[in-house]
file target14.cif (mmCIF, C-alpha atoms and all ligand atoms)
data_run
loop_
_atom_site.label_atom_id
_atom_site.label_comp_id
_atom_site.auth_asym_id
_atom_site.auth_seq_id
_atom_site.Cartn_x
_atom_site.Cartn_y
_atom_site.Cartn_z
CA MET A 12 0.00 0.00 0.00
CA ILE A 13 1.17 3.51 -0.83
CA GLU A 14 0.35 6.38 1.51
CA PHE A 15 0.87 10.07 0.92
CA LYS A 16 0.47 11.81 4.26
CA ASP A 17 -0.05 15.56 4.27
CA ILE A 18 2.41 16.13 1.44
CA GLN A 19 3.56 19.57 0.42
CA ILE A 20 5.99 20.04 -2.46
CA LYS A 21 7.63 23.32 -3.32
CA TYR A 22 9.72 24.64 -6.20
CA GLY A 23 11.51 27.51 -4.47
CA ASP A 24 8.69 29.48 -2.87
CA TYR A 25 6.06 28.13 -5.23
CA VAL A 26 3.80 25.53 -3.64
CA ALA A 27 3.08 22.98 -6.37
CA ILE A 28 1.34 20.44 -4.12
CA ASP A 29 -0.41 21.20 -0.87
CA ARG A 30 -1.91 18.95 1.81
CA LEU A 31 -2.08 15.88 -0.33
CA HIS A 32 -3.47 12.74 1.30
CA LEU A 33 -3.76 9.50 -0.63
CA HIS A 34 -4.04 5.76 0.02
CA ILE A 35 -3.39 3.44 -2.88
CA GLN A 36 -4.13 -0.27 -2.50
CA PRO A 37 -1.83 -3.11 -3.55
CA GLY A 38 -2.44 -4.10 -7.16
CA GLU A 39 -4.52 -1.03 -7.84
CA PHE A 40 -4.45 0.86 -11.14
CA PHE A 41 -4.61 4.38 -9.77
CA THR A 42 -4.72 7.47 -11.99
CA PHE A 43 -3.82 11.11 -11.39
CA LEU A 44 -6.06 13.08 -13.73
CA GLY A 45 -6.12 16.82 -14.27
CA PRO A 46 -5.21 19.67 -16.61
CA SER A 47 -1.61 20.53 -17.42
CA GLY A 48 0.26 22.14 -14.54
CA CYS A 49 -1.92 20.82 -11.70
CA GLY A 50 0.88 18.81 -10.07
CA LYS A 51 0.45 15.24 -11.32
CA THR A 52 4.05 14.75 -12.44
CA THR A 53 5.34 16.49 -9.32
CA THR A 54 3.47 14.01 -7.11
CA LEU A 55 4.73 11.05 -9.09
CA ARG A 56 8.30 12.34 -8.94
CA ALA A 57 8.05 12.58 -5.17
CA LEU A 58 6.99 8.93 -4.98
CA ALA A 59 9.82 7.89 -7.30
CA GLY A 60 12.32 9.92 -5.26
CA PHE A 61 13.39 12.57 -7.76
CA ILE A 62 12.03 15.30 -5.56
CA THR A 63 11.74 15.64 -1.78
CA PRO A 64 8.54 16.98 -0.23
CA SER A 65 8.91 20.05 1.96
CA GLN A 66 6.39 18.54 4.35
CA GLY A 67 4.69 15.22 5.05
CA SER A 68 5.68 11.63 4.45
CA ILE A 69 5.31 8.91 1.87
CA LEU A 70 4.97 5.30 3.00
CA VAL A 71 5.08 2.06 1.05
CA ASN A 72 3.83 -0.98 2.94
CA LYS A 73 3.95 1.07 6.14
CA LYS A 74 7.65 1.86 5.70
CA GLU A 75 8.61 5.48 5.28
CA ILE A 76 10.43 6.12 2.00
CA THR A 77 10.27 9.94 1.91
CA HIS A 78 14.06 10.25 1.99
CA LEU A 79 15.09 6.94 0.50
CA PRO A 80 17.31 7.23 -2.60
CA VAL A 81 15.67 6.53 -5.97
CA GLU A 82 17.53 3.28 -6.62
CA LYS A 83 16.36 1.74 -3.34
CA ARG A 84 12.66 2.28 -3.99
CA LYS A 85 11.95 -0.51 -6.49
CA ILE A 86 9.79 1.76 -8.61
CA GLY A 87 9.67 1.47 -12.41
CA ILE A 88 9.00 4.58 -14.44
CA VAL A 89 7.88 5.24 -17.99
CA PHE A 90 7.70 8.79 -19.32
CA GLN A 91 5.84 10.46 -22.15
CA SER A 92 9.09 10.99 -24.05
CA TYR A 93 10.36 7.46 -24.23
CA ALA A 94 13.73 8.42 -22.72
CA LEU A 95 15.44 5.45 -24.34
CA PHE A 96 19.14 5.42 -25.13
CA PRO A 97 19.00 6.39 -28.80
CA THR A 98 22.29 4.84 -29.83
CA MET A 99 21.58 1.45 -28.26
CA ASN A 100 19.56 -1.36 -29.74
CA VAL A 101 16.38 -2.73 -28.22
CA TYR A 102 18.09 -5.49 -26.25
CA ASP A 103 20.68 -3.20 -24.67
CA ASN A 104 18.02 -0.67 -23.73
CA ILE A 105 16.00 -3.31 -21.91
CA ALA A 106 19.12 -4.86 -20.38
CA PHE A 107 20.44 -1.56 -19.03
CA GLY A 108 19.08 -1.83 -15.49
CA LEU A 109 19.96 -5.51 -15.19
CA LYS A 110 23.56 -4.72 -16.14
CA LEU A 111 23.72 -2.07 -13.44
CA GLN A 112 22.54 -4.74 -11.01
CA LYS A 113 25.40 -6.95 -12.25
CA LYS A 114 23.11 -9.80 -13.23
CA SER A 115 24.72 -12.69 -15.09
CA ARG A 116 24.41 -12.83 -18.85
CA ALA A 117 22.26 -15.95 -18.71
CA GLU A 118 19.85 -14.44 -16.20
CA THR A 119 19.65 -11.18 -18.15
CA ASP A 120 18.89 -13.11 -21.31
CA GLN A 121 16.21 -15.17 -19.65
CA LYS A 122 14.46 -12.19 -18.08
CA ILE A 123 14.50 -10.17 -21.29
CA LYS A 124 13.03 -13.03 -23.31
CA GLU A 125 10.20 -13.37 -20.81
CA VAL A 126 9.43 -9.68 -20.69
CA VAL A 127 9.39 -8.99 -24.43
CA GLN A 128 6.77 -11.67 -24.92
CA LYS A 129 4.48 -10.05 -22.40
CA ILE A 130 4.88 -6.69 -24.02
CA GLY A 131 4.12 -7.49 -27.65
CA LEU A 132 7.67 -7.42 -28.98
CA ASN A 133 9.74 -10.38 -30.12
CA GLU A 134 13.35 -11.41 -30.44
CA SER A 135 13.57 -10.12 -34.00
CA HIS A 136 13.43 -6.63 -32.51
CA PHE A 137 16.48 -7.17 -30.28
CA THR A 138 19.12 -5.88 -32.68
CA ARG A 139 17.04 -3.02 -34.05
CA ASN A 140 18.15 0.46 -33.15
CA VAL A 141 15.42 2.03 -31.03
CA ALA A 142 15.45 5.19 -33.17
CA GLU A 143 14.12 3.10 -36.09
CA LEU A 144 11.04 1.97 -34.20
CA SER A 145 7.59 3.56 -34.26
CA GLY A 146 6.48 5.55 -31.23
CA GLY A 147 4.31 2.69 -30.06
CA GLN A 148 7.19 0.20 -30.30
CA GLN A 149 9.53 2.58 -28.50
CA GLN A 150 7.04 2.89 -25.70
CA ARG A 151 6.88 -0.91 -25.46
CA VAL A 152 10.64 -0.96 -25.09
CA ALA A 153 10.41 1.67 -22.35
CA LEU A 154 7.78 -0.47 -20.60
CA ALA A 155 9.90 -3.60 -20.96
CA ARG A 156 12.90 -1.77 -19.53
CA ALA A 157 10.86 -0.82 -16.46
CA ILE A 158 9.12 -4.16 -15.96
CA VAL A 159 12.18 -6.36 -16.40
CA LEU A 160 13.49 -5.07 -13.07
CA GLU A 161 10.38 -6.44 -11.37
CA PRO A 162 9.49 -3.22 -9.54
CA ASP A 163 7.00 -3.13 -6.66
CA ILE A 164 5.30 -0.10 -8.20
CA LEU A 165 4.97 1.02 -11.80
CA CYS A 166 4.71 4.76 -12.52
CA LEU A 167 3.53 5.82 -15.96
CA ASP A 168 3.61 9.53 -16.78
CA GLU A 169 1.45 10.27 -19.85
CA PRO A 170 2.95 7.24 -21.61
CA LEU A 171 0.53 7.40 -24.53
CA SER A 172 0.44 11.16 -25.12
CA ASN A 173 3.00 11.18 -27.93
CA LEU A 174 1.26 8.49 -29.96
CA ASP A 175 -1.33 8.94 -32.67
CA ALA A 176 -4.96 8.15 -31.85
CA LYS A 177 -5.12 4.59 -33.17
CA MET A 178 -1.83 3.54 -31.59
CA ARG A 179 -2.87 5.17 -28.33
CA ILE A 180 -6.07 3.18 -28.05
CA GLY A 181 -4.35 -0.08 -29.02
CA LEU A 182 -1.57 0.30 -26.50
CA ARG A 183 -4.03 1.48 -23.89
CA SER A 184 -5.91 -1.82 -23.82
CA GLU A 185 -2.65 -3.77 -23.87
CA LEU A 186 -1.40 -1.77 -20.95
CA LYS A 187 -4.49 -2.66 -18.98
CA ARG A 188 -4.14 -6.36 -19.84
CA LEU A 189 -0.48 -6.32 -18.83
CA GLN A 190 -1.19 -4.60 -15.56
CA ARG A 191 -3.83 -7.20 -14.65
CA GLU A 192 -1.51 -10.00 -15.64
CA LEU A 193 1.36 -8.69 -13.54
CA GLY A 194 -0.90 -7.52 -10.72
CA ILE A 195 1.49 -4.64 -10.19
CA THR A 196 0.42 -1.51 -8.30
CA THR A 197 0.32 1.16 -10.99
CA LEU A 198 0.25 4.94 -10.80
CA TYR A 199 -0.80 6.50 -14.03
CA VAL A 200 -0.67 10.17 -14.95
CA THR A 201 -2.85 11.62 -17.69
CA HIS A 202 -4.79 14.72 -18.71
CA ASP A 203 -7.03 12.55 -20.89
CA GLN A 204 -10.35 11.78 -19.23
CA GLU A 205 -11.14 8.86 -21.51
CA GLU A 206 -7.83 7.19 -20.66
CA ALA A 207 -8.52 7.67 -16.98
CA LEU A 208 -12.05 6.25 -17.23
CA THR A 209 -11.09 3.21 -19.27
CA LEU A 210 -7.93 2.19 -17.43
CA SER A 211 -8.37 3.00 -13.77
CA ASP A 212 -9.61 1.20 -10.71
CA ARG A 213 -9.69 4.62 -9.06
CA ILE A 214 -8.97 8.17 -10.14
CA ALA A 215 -7.77 11.22 -8.23
CA VAL A 216 -8.80 14.42 -10.00
CA PHE A 217 -6.24 17.18 -9.42
CA LYS A 218 -6.83 20.90 -9.59
CA LYS A 219 -4.09 23.42 -8.88
CA GLY A 220 -2.00 21.23 -6.57
CA ARG A 221 -4.92 19.73 -4.68
CA ILE A 222 -7.13 16.72 -5.07
CA GLU A 223 -10.76 17.55 -5.87
CA GLN A 224 -12.15 14.03 -5.77
CA ILE A 225 -11.01 10.44 -5.42
CA GLY A 226 -13.27 7.70 -6.71
CA THR A 227 -13.97 4.92 -9.16
CA PRO A 228 -14.54 5.96 -12.77
CA TYR A 229 -18.26 5.47 -12.15
CA GLU A 230 -18.27 7.76 -9.11
CA ILE A 231 -16.15 10.44 -10.74
CA TYR A 232 -18.34 10.51 -13.85
CA ASN A 233 -21.82 9.99 -12.45
CA ARG A 234 -21.40 11.43 -8.97
CA SER A 235 -18.91 14.22 -9.51
CA ALA A 236 -18.13 15.99 -6.25
CA THR A 237 -17.51 19.44 -7.71
CA GLU A 238 -18.34 21.44 -10.80
CA PHE A 239 -14.69 21.28 -11.84
CA VAL A 240 -14.68 17.47 -11.78
CA CYS A 241 -18.04 17.28 -13.53
CA ASP A 242 -16.83 19.53 -16.32
CA PHE A 243 -13.38 17.98 -16.67
CA ILE A 244 -14.46 14.34 -16.83
CA GLY A 245 -17.01 14.71 -19.63
CA ASP A 246 -19.56 16.76 -21.51
CA MET A 247 -22.60 17.94 -19.60
CA ASN A 248 -25.64 20.18 -19.91
CA ARG A 249 -26.27 23.07 -17.59
CA LEU A 250 -29.88 23.27 -16.44
CA ASP A 251 -31.09 26.71 -15.41
CA GLN A 252 -33.69 27.84 -12.88
CA ASN A 253 -36.72 27.49 -15.21
CA ILE A 254 -35.90 23.96 -16.16
CA LEU A 255 -35.08 22.88 -12.61
CA GLN A 256 -38.40 24.30 -11.44
CA ALA A 257 -40.26 22.46 -14.19
CA ILE A 258 -38.49 19.25 -13.17
CA ASN A 259 -39.35 19.78 -9.52
CA GLN A 260 -43.01 20.22 -10.48
CA GLN A 261 -43.09 17.08 -12.62
CA THR A 262 -41.29 14.83 -10.17
CA GLY A 263 -41.71 16.32 -6.72
CA SER A 264 -37.94 16.29 -6.38
CA SER A 265 -36.24 19.08 -4.50
CA LEU A 266 -33.53 20.37 -6.78
CA ASN A 267 -32.29 23.77 -5.74
CA PRO A 268 -33.36 26.24 -8.47
CA SER A 269 -30.99 28.94 -7.21
CA ARG A 270 -28.02 26.78 -8.28
CA GLU A 271 -27.35 25.25 -11.68
CA GLY A 272 -28.01 21.58 -12.29
CA TYR A 273 -25.85 19.38 -14.50
CA ILE A 274 -26.71 16.33 -16.54
CA ARG A 275 -24.60 14.19 -18.88
CA LEU A 276 -25.54 14.33 -22.57
CA GLU A 277 -26.27 10.60 -22.83
CA ARG A 278 -28.64 10.77 -19.84
CA ALA A 279 -31.06 12.94 -21.84
CA SER A 280 -32.83 11.32 -24.75
CA LEU A 281 -35.38 11.84 -27.51
CA HIS A 282 -36.48 8.28 -26.84
CA GLN A 283 -38.49 7.37 -23.78
CA LEU A 284 -35.86 6.14 -21.30
CA SER A 285 -37.02 3.22 -19.18
CA ASP A 286 -36.30 5.15 -16.00
CA ALA A 287 -37.27 8.65 -17.14
CA ASP A 288 -39.41 10.69 -14.77
CA VAL A 289 -39.17 13.97 -16.70
CA ALA A 290 -40.35 14.97 -20.17
CA LEU A 291 -39.53 18.44 -21.50
CA ASN A 292 -40.70 19.93 -24.77
CA GLY A 293 -37.99 21.23 -27.04
CA LYS A 294 -37.23 22.13 -30.61
CA ILE A 295 -34.30 20.49 -32.36
CA VAL A 296 -31.98 23.27 -33.48
CA ASP A 297 -28.90 21.29 -34.45
CA ARG A 298 -27.82 17.80 -35.38
CA GLU A 299 -24.23 16.59 -35.43
CA TYR A 300 -23.44 13.28 -37.05
CA HIS A 301 -20.60 11.43 -35.29
CA GLY A 302 -20.92 8.04 -36.94
CA MET A 303 -21.30 5.95 -33.82
CA TYR A 304 -23.83 8.36 -32.38
CA ILE A 305 -25.74 11.52 -33.25
CA LYS A 306 -25.68 14.60 -31.08
CA TYR A 307 -28.81 16.75 -31.04
CA THR A 308 -29.20 20.23 -29.60
CA LEU A 309 -32.67 21.20 -28.41
CA ASN A 310 -34.02 24.55 -27.42
CA VAL A 311 -36.00 23.92 -24.25
CA ASP A 312 -37.71 27.01 -22.95
CA GLY A 313 -34.82 29.21 -24.11
CA SER A 314 -32.02 26.89 -22.87
CA LEU A 315 -29.95 24.74 -25.17
CA ILE A 316 -29.74 21.10 -24.10
CA LYS A 317 -27.71 18.49 -25.93
CA CYS A 318 -28.45 14.81 -26.05
CA ILE A 319 -26.84 11.80 -27.65
CA GLU A 320 -28.63 9.06 -29.53
CA LYS A 321 -26.92 5.93 -30.72
CA ASN A 322 -26.81 5.59 -34.48
CA ASP A 323 -29.95 3.63 -35.41
CA GLY A 324 -29.21 3.45 -39.09
CA ASP A 325 -31.74 5.44 -41.08
CA VAL A 326 -33.67 6.74 -38.11
CA TYR A 327 -32.88 10.29 -37.19
CA PHE A 328 -34.63 13.47 -36.29
CA GLU A 329 -34.57 16.66 -38.32
CA ALA A 330 -33.67 20.14 -37.16
CA GLY A 331 -36.83 22.20 -36.75
CA GLU A 332 -38.89 19.32 -35.36
CA THR A 333 -40.44 19.64 -31.95
CA HIS A 334 -39.81 16.78 -29.59
CA ARG A 335 -39.99 15.52 -26.09
CA LEU A 336 -36.74 15.21 -24.24
CA TYR A 337 -36.73 12.54 -21.55
CA LEU A 338 -34.48 12.37 -18.54
CA ASN A 339 -34.29 11.08 -15.00
CA SER A 340 -34.14 13.67 -12.24
CA ARG A 341 -31.77 11.44 -10.23
CA ASP A 342 -29.09 11.97 -12.89
CA ILE A 343 -28.99 15.70 -12.18
CA MET A 344 -25.91 16.81 -10.24
CA GLN A 345 -25.79 19.96 -8.13
CA PHE A 346 -22.86 21.40 -6.24
N1 LIG B 1 11.33 22.09 -12.03
C1 LIG B 1 10.36 22.99 -11.77
N2 LIG B 1 10.65 24.22 -11.32
C2 LIG B 1 9.68 25.13 -11.05
N3 LIG B 1 8.37 24.90 -11.20
C3 LIG B 1 8.00 23.69 -11.65
C4 LIG B 1 8.97 22.67 -11.97
N4 LIG B 1 8.30 21.57 -12.39
C5 LIG B 1 6.99 21.89 -12.34
N5 LIG B 1 6.80 23.15 -11.92
C6 LIG B 1 5.49 23.82 -11.71
O1 LIG B 1 4.73 23.06 -10.79
C7 LIG B 1 3.37 22.97 -11.22
C8 LIG B 1 3.00 21.52 -11.39
O2 LIG B 1 3.72 20.98 -12.46
P1 LIG B 1 3.59 19.47 -12.92
O3 LIG B 1 3.67 18.59 -11.73
O4 LIG B 1 4.58 19.24 -14.00
O5 LIG B 1 2.10 19.44 -13.50
P2 LIG B 1 1.37 18.35 -14.42
O6 LIG B 1 2.22 17.13 -14.46
O7 LIG B 1 0.06 18.13 -13.75
O8 LIG B 1 1.20 18.99 -15.76
C9 LIG B 1 3.27 23.79 -12.48
O9 LIG B 1 2.80 25.07 -12.14
C10 LIG B 1 4.69 23.85 -13.01
O10 LIG B 1 4.91 25.03 -13.73
MG MG B 2 3.04 16.20 -16.16
#
call {"tool": "encode", "arguments": {"input": "target14.cif", "output": "structure tokens"}}
result
Amino acid sequence: MIEFKDIQIKYGDYVAIDRLHLHIQPGEFFTFLGPSGCGKTTTLRALAGFITPSQGSILVNKKEITHLPVEKRKIGIVFQSYALFPTMNVYDNIAFGLKLQKKSRAETDQKIKEVVQKIGLNESHFTRNVAELSGGQQQRVALARAIVLEPDILCLDEPLSNLDAKMRIGLRSELKRLQRELGITTLYVTHDQEEALTLSDRIAVFKKGRIEQIGTPYEIYNRSATEFVCDFIGDMNRLDQNILQAINQQTGSSLNPSREGYIRLERASLHQLSDADVALNGKIVDREYHGMYIKYTLNVDGSLIKCIEKNDGDVYFEAGETHRLYLNSRDIMQF
């Protein structure tokens, strides 16, 4: 188990992280999510030992490691920029850490053969210069180099950010499979909400050096704790006073009309949802075709509300049509 206890991290006088508390369970895939500059990398670097907190302590399995040197922490790290040795071939890159540990040639060979299999490379890659490989392959080498040392904790800092979309999604699911297979406690840093939702057991959403919410992907998305989290994790509609009052009248619920309400786009529908308790009249003012789904914008009593319908083939609604928009009042978040 990893514990961050009341951590503060400074760069000079600038407080990058303040009063950070975190418990991460063994085997967990735990993600730091947040916009650029909110302190995700800084927190990860403190765990890895590249930076010393100005306050607080970090424990791994109840042992304090706050001041332990990097090489004694048994933490593997993969960065966004692959940070491979560009003049070495694949084998030598992966073998680097084992050589430092003075492992025998036979043992090194054995371990490398095992790890490349797990990681979707093969022995034909061994003699290739890493600079010749695609970004995705280079990132596999970086992963292999970290994993071959059998770390207790794996830290991944935006490892997919430099890859193109297709490669990113492919490697993302492989990463998840690998993590399950190894059962290794993993800390993952990203600014990409979809990555966080698909990969994580739990997510900590960071904002300006503090954690806004910790929860499962489901909790973060459906039960956002703050407006910031709600907005950052996905698209949502803002419901104003008029609409909230109409919803209260229809359902008897007690939403607070003096504050905005928020609802996810896919929780409003032009089709009668099985659990809907609200129907609003609106006029379709826009239709966006996304292939897998269609996004409609409705004017409801002067407010624009978007909803998403799965692509049903030929069936779609036209702009200008008046329609009922169905939703469930329990899906409305207020902060
Ligand atoms: N070496 C450094 N010196 C001074 N300020 C830094 C340094 N590294 C990061 N920062 C600042 O600390 C804050 C957090 O940075 P960082 O942890 O890299 O954020 P993230 O990884 O979430 O994008 C930012 O405001 C950044 O400018
Ligand atoms: Mg960063």
call {"tool": "axis_aligned_box", "arguments": {"input": "target14.cif", "around": "ligand LIG 1 (chain B)", "padding_each_side": "3 Å", "output": "AutoDock Vina command-line options"}}
result
--center_x 5.7 --center_y 21.1 --center_z -13.3 --size_x 17.3 --size_y 14.0 --size_z 11.0
call {"tool": "residues_near_ligand", "arguments": {"input": "target14.cif", "ligand": "ligand LIG 1 (chain B)", "cutoff": "10 Å", "atoms": "all atoms listed in the file", "output": "PyMOL selection string"}}
result
chain A and resi 20-28+43-57+62+168-169+200-202+217-220
call {"tool": "residues_around", "arguments": {"input": "target14.cif", "residues": "range 137-151 of chain A", "least_positions_apart": "3", "cutoff": "6 Å", "atoms": "all atoms listed in the file", "output": "PyMOL selection string"}}
result
chain A and resi 93+97+100-102+134+154
call {"tool": "closest_residue", "arguments": {"input": "target14.cif", "among": "A:Asp203, A:Asp17, A:Asp325, A:Glu161", "to": "ligand MG 2 (chain B)", "atoms": "all atoms listed in the file"}}
result
A:Asp203
call {"tool": "atom_distance", "arguments": {"input": "target14.cif", "atom1": "CA of Leu182 in chain A", "atom2": "CA of Pro170 in chain A"}}
result
9.6 Å
call {"tool": "atom_distance", "arguments": {"input": "target14.cif", "atom1": "CA of Lys122 in chain A", "atom2": "CA of Ser184 in chain A"}}
result
23.6 Å
call {"tool": "decode", "arguments": {"input": "target14.cif", "residues": "range 23-32 of chain A", "atoms": "all heavy atoms", "output": "PDB file, in the first residue's frame"}}
result
ATOM      1  N   GLY A  23      11.194  26.201  -5.049  1.00  0.00           N
ATOM      2  CA  GLY A  23      11.508  27.508  -4.471  1.00  0.00           C
ATOM      3  C   GLY A  23      10.399  27.887  -3.506  1.00  0.00           C
ATOM      4  O   GLY A  23      10.067  27.125  -2.603  1.00  0.00           O
ATOM      5  N   ASP A  24       9.790  29.045  -3.725  1.00  0.00           N
ATOM      6  CA  ASP A  24       8.686  29.478  -2.867  1.00  0.00           C
ATOM      7  C   ASP A  24       7.330  29.003  -3.379  1.00  0.00           C
ATOM      8  O   ASP A  24       6.320  29.105  -2.695  1.00  0.00           O
ATOM      9  CB  ASP A  24       8.636  31.029  -2.798  1.00  0.00           C
ATOM     10  CG  ASP A  24       9.785  31.575  -1.959  1.00  0.00           C
ATOM     11  OD1 ASP A  24      10.325  30.796  -1.139  1.00  0.00           O
ATOM     12  OD2 ASP A  24      10.128  32.747  -2.142  1.00  0.00           O
ATOM     13  N   TYR A  25       7.335  28.502  -4.600  1.00  0.00           N
ATOM     14  CA  TYR A  25       6.062  28.133  -5.228  1.00  0.00           C
ATOM     15  C   TYR A  25       5.571  26.776  -4.699  1.00  0.00           C
ATOM     16  O   TYR A  25       6.283  25.783  -4.771  1.00  0.00           O
ATOM     17  CB  TYR A  25       6.239  28.095  -6.748  1.00  0.00           C
ATOM     18  CG  TYR A  25       5.013  27.625  -7.484  1.00  0.00           C
ATOM     19  CD1 TYR A  25       3.891  28.434  -7.586  1.00  0.00           C
ATOM     20  CD2 TYR A  25       4.977  26.356  -8.072  1.00  0.00           C
ATOM     21  CE1 TYR A  25       2.757  28.000  -8.254  1.00  0.00           C
ATOM     22  CE2 TYR A  25       3.843  25.913  -8.742  1.00  0.00           C
ATOM     23  CZ  TYR A  25       2.745  26.738  -8.828  1.00  0.00           C
ATOM     24  OH  TYR A  25       1.626  26.313  -9.484  1.00  0.00           O
ATOM     25  N   VAL A  26       4.368  26.775  -4.169  1.00  0.00           N
ATOM     26  CA  VAL A  26       3.801  25.529  -3.638  1.00  0.00           C
ATOM     27  C   VAL A  26       3.067  24.803  -4.767  1.00  0.00           C
ATOM     28  O   VAL A  26       2.006  25.224  -5.203  1.00  0.00           O
ATOM     29  CB  VAL A  26       2.827  25.814  -2.471  1.00  0.00           C
ATOM     30  CG1 VAL A  26       2.232  24.513  -1.939  1.00  0.00           C
ATOM     31  CG2 VAL A  26       3.549  26.577  -1.360  1.00  0.00           C
ATOM     32  N   ALA A  27       3.668  23.719  -5.237  1.00  0.00           N
ATOM     33  CA  ALA A  27       3.082  22.978  -6.369  1.00  0.00           C
ATOM     34  C   ALA A  27       2.043  21.976  -5.888  1.00  0.00           C
ATOM     35  O   ALA A  27       1.052  21.718  -6.576  1.00  0.00           O
ATOM     36  CB  ALA A  27       4.178  22.278  -7.160  1.00  0.00           C
ATOM     37  N   ILE A  28       2.283  21.400  -4.701  1.00  0.00           N
ATOM     38  CA  ILE A  28       1.340  20.439  -4.116  1.00  0.00           C
ATOM     39  C   ILE A  28       1.122  20.826  -2.662  1.00  0.00           C
ATOM     40  O   ILE A  28       2.078  21.112  -1.939  1.00  0.00           O
ATOM     41  CB  ILE A  28       1.925  19.004  -4.177  1.00  0.00           C
ATOM     42  CG1 ILE A  28       1.998  18.499  -5.611  1.00  0.00           C
ATOM     43  CG2 ILE A  28       1.115  18.029  -3.312  1.00  0.00           C
ATOM     44  CD1 ILE A  28       0.651  18.279  -6.279  1.00  0.00           C
ATOM     45  N   ASP A  29      -0.132  20.817  -2.249  1.00  0.00           N
ATOM     46  CA  ASP A  29      -0.412  21.197  -0.874  1.00  0.00           C
ATOM     47  C   ASP A  29      -1.386  20.226  -0.219  1.00  0.00           C
ATOM     48  O   ASP A  29      -2.405  19.870  -0.797  1.00  0.00           O
ATOM     49  CB  ASP A  29      -0.980  22.623  -0.842  1.00  0.00           C
ATOM     50  CG  ASP A  29      -0.680  23.303   0.491  1.00  0.00           C
ATOM     51  OD1 ASP A  29       0.208  22.813   1.216  1.00  0.00           O
ATOM     52  OD2 ASP A  29      -1.348  24.306   0.790  1.00  0.00           O
ATOM     53  N   ARG A  30      -1.035  19.793   0.980  1.00  0.00           N
ATOM     54  CA  ARG A  30      -1.905  18.946   1.809  1.00  0.00           C
ATOM     55  C   ARG A  30      -2.496  17.768   1.053  1.00  0.00           C
ATOM     56  O   ARG A  30      -3.707  17.560   1.024  1.00  0.00           O
ATOM     57  CB  ARG A  30      -3.049  19.779   2.362  1.00  0.00           C
ATOM     58  CG  ARG A  30      -2.516  20.804   3.304  1.00  0.00           C
ATOM     59  CD  ARG A  30      -3.616  21.472   4.043  1.00  0.00           C
ATOM     60  NE  ARG A  30      -3.132  22.717   4.607  1.00  0.00           N
ATOM     61  CZ  ARG A  30      -3.902  23.699   4.977  1.00  0.00           C
ATOM     62  NH1 ARG A  30      -5.215  23.594   4.864  1.00  0.00           N
ATOM     63  NH2 ARG A  30      -3.384  24.778   5.502  1.00  0.00           N
ATOM     64  N   LEU A  31      -1.622  17.030   0.446  1.00  0.00           N
ATOM     65  CA  LEU A  31      -2.079  15.880  -0.327  1.00  0.00           C
ATOM     66  C   LEU A  31      -2.118  14.634   0.548  1.00  0.00           C
ATOM     67  O   LEU A  31      -1.134  14.279   1.189  1.00  0.00           O
ATOM     68  CB  LEU A  31      -1.142  15.671  -1.516  1.00  0.00           C
ATOM     69  CG  LEU A  31      -1.528  14.531  -2.448  1.00  0.00           C
ATOM     70  CD1 LEU A  31      -1.943  15.078  -3.803  1.00  0.00           C
ATOM     71  CD2 LEU A  31      -0.406  13.550  -2.596  1.00  0.00           C
ATOM     72  N   HIS A  32      -3.282  14.012   0.578  1.00  0.00           N
ATOM     73  CA  HIS A  32      -3.469  12.739   1.296  1.00  0.00           C
ATOM     74  C   HIS A  32      -3.966  11.704   0.307  1.00  0.00           C
ATOM     75  O   HIS A  32      -4.925  11.969  -0.416  1.00  0.00           O
ATOM     76  CB  HIS A  32      -4.519  12.882   2.398  1.00  0.00           C
ATOM     77  CG  HIS A  32      -4.095  13.763   3.518  1.00  0.00           C
ATOM     78  ND1 HIS A  32      -3.407  13.291   4.602  1.00  0.00           N
ATOM     79  CD2 HIS A  32      -4.251  15.091   3.706  1.00  0.00           C
ATOM     80  CE1 HIS A  32      -3.167  14.304   5.436  1.00  0.00           C
ATOM     81  NE2 HIS A  32      -3.665  15.409   4.906  1.00  0.00           N
TER      82      HIS A  32
END
